[in-house]
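> Just dropping this structure here.
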Amino acid sequence: MKPLSIERQKKIDILRKNLFFQGLGEKSLEELSVHTSLRQFERGETLFWEGDPCAGLHILESGSVKLFRVSPQGRQHILRVVQEGETFNEVPVFDSGENPVNSEALETVTVWIVDAAAVHTLMENDPEYSLRIIQSLGKMLRHLVQMASEMAFLQVTHRLARLINETPAQELSGESGARWTQEQMAARLGTVREVVARSLRELERSGAILVENRRISVSDRNVLQEWAQSWN
């Protein structure tokens, strides 16, 4: 990590354009700029670790950053790839908690960091600003709910339909000697068993498949292919 020296006006201009600071007066922007820094990270370098104290609100100036979590088994799951101009690590700034994810530079990046304590002070002194923050977080929450719904009920269902469509019938039914478990299908799709179970029920309700005694058979190949093609 390399700190970069930047003039005060440049910091104010960056803050003024950011979603979380739009509409602030010059005095508030100037006060925040004192607690805003620009840092450079090289490819592969960690910006922050999950579970560590939050340094502040991050605004990506250039490059790209991946946000990810690691399972107890060591499996890495990428939650988001941050692009230029986007803000990240907002939640611990506003709830005073620890970092919920890890972050790593995918290339050389420059990142603005607004000190979390300075943001808290601004919220305490400016109720209207606090209301705007609540509204912004509400929009983010709605977006996350939509993303979660698509991952759980749409994308996985379509991917599962394609997998079933491409799998020989004897493997689905277990006639070949080994029947696929929901855990195995989940591992193949990069999800969890519970999501696979819901997706199987959705495909069954549509008439595409029949699940009986944990054996899967295709009821209507055309309907199944419609699910599979919509995934593409």
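Lettering and numbering for the structure tokens are positional, with chains as A, B, ... in the shown order, residues counted from 1 in each chain, and ligands counted from 1 in the shown order.
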Quick one: residues within 8 Å of Arg193 (chain A), only C-alpha atoms counted, chain neighbours fewer than 6 positions away excluded, as an NGL selection string?

:A and (182-183 or 185-186)

> For Lys17 (chain A), which residue among A:Ile59, A:Val192, A:Ile216, A:Leu160 is the nearest when counting only C-alpha atoms?

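Using only C-alpha atoms, the shortest distance to Lys17 (chain A) belongs to A:Ile59.
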
> Give me the residues near Val119 (chain A) as a PyMOL selection string, where near means some atom within 10 Å (using only C-alpha atoms) and where sequence neighbours in that chain fewer than 5 positions away do not count.

chain A and resi 20-21+32+35+56-57+93-94+114+124+130

> Taking only region 1-220 of chain A into account, list the residues labelled helix (DSSP H, G or I) by DSSP (computed from the backbone), as a ChimeraX atom specification.

/A:8-17,26-34,90-95,116-125,127-166,169-173,182-189,193-205

> Please determine, counting only C-alpha atoms, which residue among A:Val65, A:Val34, A:Val211, A:Leu131 has the shortest atom-to-atom distance to Arg8 (chain A).

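Residue with the minimum atom-to-atom distance to Arg8 (chain A): A:Val34.
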
> Residues near Glu104 (chain A), anyone? I mean within 7 Å using only C-alpha atoms, not counting same-chain ones fewer than 4 positions away, as a list in words.

Gly44, Glu45, Thr46, Leu47, Val65, Lys66 and Leu67 of chain A

> What's around Pro92 (chain A) at 9 Å? Count only C-alpha atoms, leave out sequence neighbours fewer than 6 positions away in its own chain, and write the answer as a list in words.

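Those residues are Pro53, Cys54, Gly56, Leu57, Glu98, Asn99, Pro100 and Ala116 of chain A.
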
> Store the residues of this selection in a file with N, CA, C and O atoms, as a PDB file, in the first residue's frame.


```pdb
ATOM      1  N   PRO A  53     -11.162  -4.142  11.926  1.00  0.00           N
ATOM      2  CA  PRO A  53     -11.882  -2.870  12.086  1.00  0.00           C
ATOM      3  C   PRO A  53     -11.969  -2.132  10.759  1.00  0.00           C
ATOM      4  O   PRO A  53     -11.059  -2.195   9.926  1.00  0.00           O
ATOM      5  N   CYS A  54     -13.052  -1.418  10.565  1.00  0.00           N
ATOM      6  CA  CYS A  54     -13.273  -0.696   9.314  1.00  0.00           C
ATOM      7  C   CYS A  54     -12.463   0.599   9.292  1.00  0.00           C
ATOM      8  O   CYS A  54     -12.546   1.408  10.213  1.00  0.00           O
ATOM      9  N   GLY A  56     -12.760   2.880   6.825  1.00  0.00           N
ATOM     10  CA  GLY A  56     -13.584   3.957   6.297  1.00  0.00           C
ATOM     11  C   GLY A  56     -14.290   3.568   5.021  1.00  0.00           C
ATOM     12  O   GLY A  56     -14.184   2.436   4.527  1.00  0.00           O
ATOM     13  N   LEU A  57     -15.014   4.519   4.476  1.00  0.00           N
ATOM     14  CA  LEU A  57     -15.728   4.329   3.213  1.00  0.00           C
ATOM     15  C   LEU A  57     -14.719   4.343   2.072  1.00  0.00           C
ATOM     16  O   LEU A  57     -13.882   5.242   1.985  1.00  0.00           O
ATOM     17  N   GLU A  98     -17.306  -4.694  12.137  1.00  0.00           N
ATOM     18  CA  GLU A  98     -16.075  -5.100  11.458  1.00  0.00           C
ATOM     19  C   GLU A  98     -16.321  -5.265   9.961  1.00  0.00           C
ATOM     20  O   GLU A  98     -17.462  -5.342   9.510  1.00  0.00           O
ATOM     21  N   ASN A  99     -15.247  -5.342   9.203  1.00  0.00           N
ATOM     22  CA  ASN A  99     -15.374  -5.568   7.764  1.00  0.00           C
ATOM     23  C   ASN A  99     -16.076  -6.902   7.519  1.00  0.00           C
ATOM     24  O   ASN A  99     -15.656  -7.932   8.056  1.00  0.00           O
ATOM     25  N   PRO A 100     -17.137  -6.933   6.700  1.00  0.00           N
ATOM     26  CA  PRO A 100     -17.861  -8.181   6.451  1.00  0.00           C
ATOM     27  C   PRO A 100     -17.240  -9.050   5.367  1.00  0.00           C
ATOM     28  O   PRO A 100     -17.607 -10.209   5.204  1.00  0.00           O
ATOM     29  N   ALA A 116     -14.143   6.586   8.825  1.00  0.00           N
ATOM     30  CA  ALA A 116     -15.475   6.249   9.331  1.00  0.00           C
ATOM     31  C   ALA A 116     -15.911   7.180  10.456  1.00  0.00           C
ATOM     32  O   ALA A 116     -17.076   7.582  10.531  1.00  0.00           O
TER      33      ALA A 116
END
```

> Out of A:Pro3, A:Ser28, A:Gln225, A:Leu210, which residue has the shortest atom-to-atom distance to Leu122 (chain A) when counting only C-alpha atoms?

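For Leu122 (chain A), the nearest of the candidates is A:Ser28.
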
> Taking only region 22-207 of chain A into account, list the residues labelled strand (DSSP E or B) by DSSP (computed from the backbone), as an MDAnalysis selection string.

chainID A and resid 36:41 46:48 53 56:62 65:70 76:82 87:88 98 102:105 109:115

> Take the residues that were just selected and, keeping C-alpha atoms, output them as a tab-separated table (two decimals), in the first residue's frame.


```tsv
chain	number	residue	atom	x	y	z
A	36	THR	CA	-9.99	11.64	3.23
A	37	SER	CA	-6.89	9.96	1.82
A	38	LEU	CA	-5.85	8.39	-1.48
A	39	ARG	CA	-3.96	5.11	-1.48
A	40	GLN	CA	-2.47	2.90	-4.16
A	41	PHE	CA	-2.48	-0.90	-4.06
A	46	THR	CA	-5.21	-6.91	0.12
A	47	LEU	CA	-7.05	-3.67	0.84
A	48	PHE	CA	-8.70	-5.00	3.99
A	53	PRO	CA	-11.88	-2.87	12.09
A	56	GLY	CA	-13.58	3.96	6.30
A	57	LEU	CA	-15.73	4.33	3.21
A	58	HIS	CA	-13.85	3.23	0.08
A	59	ILE	CA	-14.29	4.95	-3.28
A	60	LEU	CA	-12.49	3.32	-6.19
A	61	GLU	CA	-10.65	5.92	-8.26
A	62	SER	CA	-9.08	3.54	-10.80
A	65	VAL	CA	-11.22	-4.76	-6.80
A	66	LYS	CA	-12.82	-8.07	-5.88
A	67	LEU	CA	-14.81	-8.50	-2.68
A	68	PHE	CA	-14.90	-12.08	-1.44
A	69	ARG	CA	-15.42	-14.40	1.49
A	70	VAL	CA	-13.68	-17.67	2.30
A	76	GLN	CA	-13.43	-18.54	-2.06
A	77	HIS	CA	-16.69	-16.96	-3.15
A	78	ILE	CA	-16.55	-13.66	-5.04
A	79	LEU	CA	-19.42	-11.42	-4.01
A	80	ARG	CA	-18.71	-8.49	-6.27
A	81	VAL	CA	-16.12	-6.94	-8.55
A	82	VAL	CA	-15.90	-3.20	-7.89
A	87	THR	CA	-18.19	2.80	-3.45
A	88	PHE	CA	-17.67	-0.23	-1.24
A	98	GLU	CA	-16.08	-5.10	11.46
A	102	ASN	CA	-12.14	-9.38	2.18
A	103	SER	CA	-10.95	-7.21	-0.69
A	104	GLU	CA	-8.12	-7.69	-3.16
A	105	ALA	CA	-6.78	-5.54	-5.99
A	109	VAL	CA	-5.69	0.46	-8.08
A	110	THR	CA	-6.08	3.84	-6.41
A	111	VAL	CA	-8.72	4.14	-3.71
A	112	TRP	CA	-10.14	7.07	-1.77
A	113	ILE	CA	-10.79	6.26	1.90
A	114	VAL	CA	-13.06	8.49	3.98
A	115	ASP	CA	-12.49	7.97	7.69
```

> So which one's closest to Ile14 (chain A), A:Gly97, A:Gly85, A:Ser64, A:Pro72? Using only C-alpha atoms, please.

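Among the listed residues, A:Gly85 lies closest to Ile14 (chain A).
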
> To one decimal place, how far is CA of Arg221 (chain A) from CA of Leu163 (chain A) in Å?

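Separating CA of Arg221 (chain A) from CA of Leu163 (chain A) is a distance of 12.8 Å.
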
> Might you pull out every residue within 12 Å of Arg132 (chain A), with only C-alpha atoms counted and same-chain residues fewer than 4 positions away left off, and present them as a list in words?

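Once the adjacent positions are removed, what remains is Leu19, Phe20, Phe21, Gln22, Gly23, Leu24, Met123, Asp126, Pro127, Glu128, Ser136, Leu137, Gly138 and Lys139 of chain A.
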
> Output the selection as a PDB file, in the first residue's frame - N, CA and C atoms for each residue.


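Done, and the output landed in out32.pdb:
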```
ATOM      1  N   LEU A  19     -22.173   9.243  -4.268  1.00  0.00           N
ATOM      2  CA  LEU A  19     -23.568   9.032  -3.890  1.00  0.00           C
ATOM      3  C   LEU A  19     -23.843   9.416  -2.440  1.00  0.00           C
ATOM      4  N   PHE A  20     -22.932   9.089  -1.542  1.00  0.00           N
ATOM      5  CA  PHE A  20     -23.175   9.293  -0.118  1.00  0.00           C
ATOM      6  C   PHE A  20     -22.909  10.721   0.352  1.00  0.00           C
ATOM      7  N   PHE A  21     -22.335  11.555  -0.497  1.00  0.00           N
ATOM      8  CA  PHE A  21     -22.022  12.915  -0.062  1.00  0.00           C
ATOM      9  C   PHE A  21     -22.594  13.996  -0.968  1.00  0.00           C
ATOM     10  N   GLN A  22     -23.380  13.584  -1.944  1.00  0.00           N
ATOM     11  CA  GLN A  22     -24.017  14.561  -2.824  1.00  0.00           C
ATOM     12  C   GLN A  22     -24.955  15.462  -2.029  1.00  0.00           C
ATOM     13  N   GLY A  23     -24.936  16.750  -2.345  1.00  0.00           N
ATOM     14  CA  GLY A  23     -25.824  17.689  -1.677  1.00  0.00           C
ATOM     15  C   GLY A  23     -25.260  18.303  -0.414  1.00  0.00           C
ATOM     16  N   LEU A  24     -24.088  17.866   0.019  1.00  0.00           N
ATOM     17  CA  LEU A  24     -23.477  18.451   1.217  1.00  0.00           C
ATOM     18  C   LEU A  24     -22.966  19.853   0.931  1.00  0.00           C
ATOM     19  N   MET A 123     -22.950  12.666  10.514  1.00  0.00           N
ATOM     20  CA  MET A 123     -24.313  12.171  10.701  1.00  0.00           C
ATOM     21  C   MET A 123     -24.919  12.698  12.005  1.00  0.00           C
ATOM     22  N   ASP A 126     -25.778  16.482  11.433  1.00  0.00           N
ATOM     23  CA  ASP A 126     -26.632  16.862  10.304  1.00  0.00           C
ATOM     24  C   ASP A 126     -27.728  15.815  10.113  1.00  0.00           C
ATOM     25  N   PRO A 127     -28.890  15.994  10.748  1.00  0.00           N
ATOM     26  CA  PRO A 127     -29.992  15.018  10.639  1.00  0.00           C
ATOM     27  C   PRO A 127     -30.455  14.785   9.198  1.00  0.00           C
ATOM     28  N   GLU A 128     -30.448  15.837   8.387  1.00  0.00           N
ATOM     29  CA  GLU A 128     -30.870  15.663   6.993  1.00  0.00           C
ATOM     30  C   GLU A 128     -29.912  14.738   6.251  1.00  0.00           C
ATOM     31  N   SER A 136     -30.257   5.914   1.059  1.00  0.00           N
ATOM     32  CA  SER A 136     -29.270   5.254   0.198  1.00  0.00           C
ATOM     33  C   SER A 136     -29.079   3.806   0.598  1.00  0.00           C
ATOM     34  N   LEU A 137     -29.006   3.549   1.898  1.00  0.00           N
ATOM     35  CA  LEU A 137     -28.859   2.174   2.364  1.00  0.00           C
ATOM     36  C   LEU A 137     -30.103   1.357   2.053  1.00  0.00           C
ATOM     37  N   GLY A 138     -31.287   2.017   2.101  1.00  0.00           N
ATOM     38  CA  GLY A 138     -32.519   1.326   1.737  1.00  0.00           C
ATOM     39  C   GLY A 138     -32.494   0.868   0.290  1.00  0.00           C
ATOM     40  N   LYS A 139     -31.999   1.716  -0.603  1.00  0.00           N
ATOM     41  CA  LYS A 139     -31.894   1.355  -2.013  1.00  0.00           C
ATOM     42  C   LYS A 139     -30.920   0.192  -2.199  1.00  0.00           C
TER      43      LYS A 139
END
```

> Got a sec: who's within 12 Å of Glu212 (chain A), counting only C-alpha atoms, leaving out chain neighbours fewer than 5 positions off, as a compact mmCIF listing (two decimals) with C-alpha atoms, in the first residue's frame?


```
# COMPACT_ATOMS: atom_id res chain seq x y z
CA LEU A 172 -30.71 -39.06 -12.87
CA SER A 173 -32.70 -42.11 -11.83
CA GLY A 174 -29.78 -43.98 -10.30
CA LEU A 200 -36.15 -28.84 -8.18
CA ARG A 201 -39.58 -28.03 -6.77
CA GLU A 204 -41.46 -29.90 -10.97
CA SER A 217 -37.14 -38.09 -14.44
CA VAL A 218 -37.97 -35.71 -17.29
CA SER A 219 -41.71 -35.22 -17.71
```
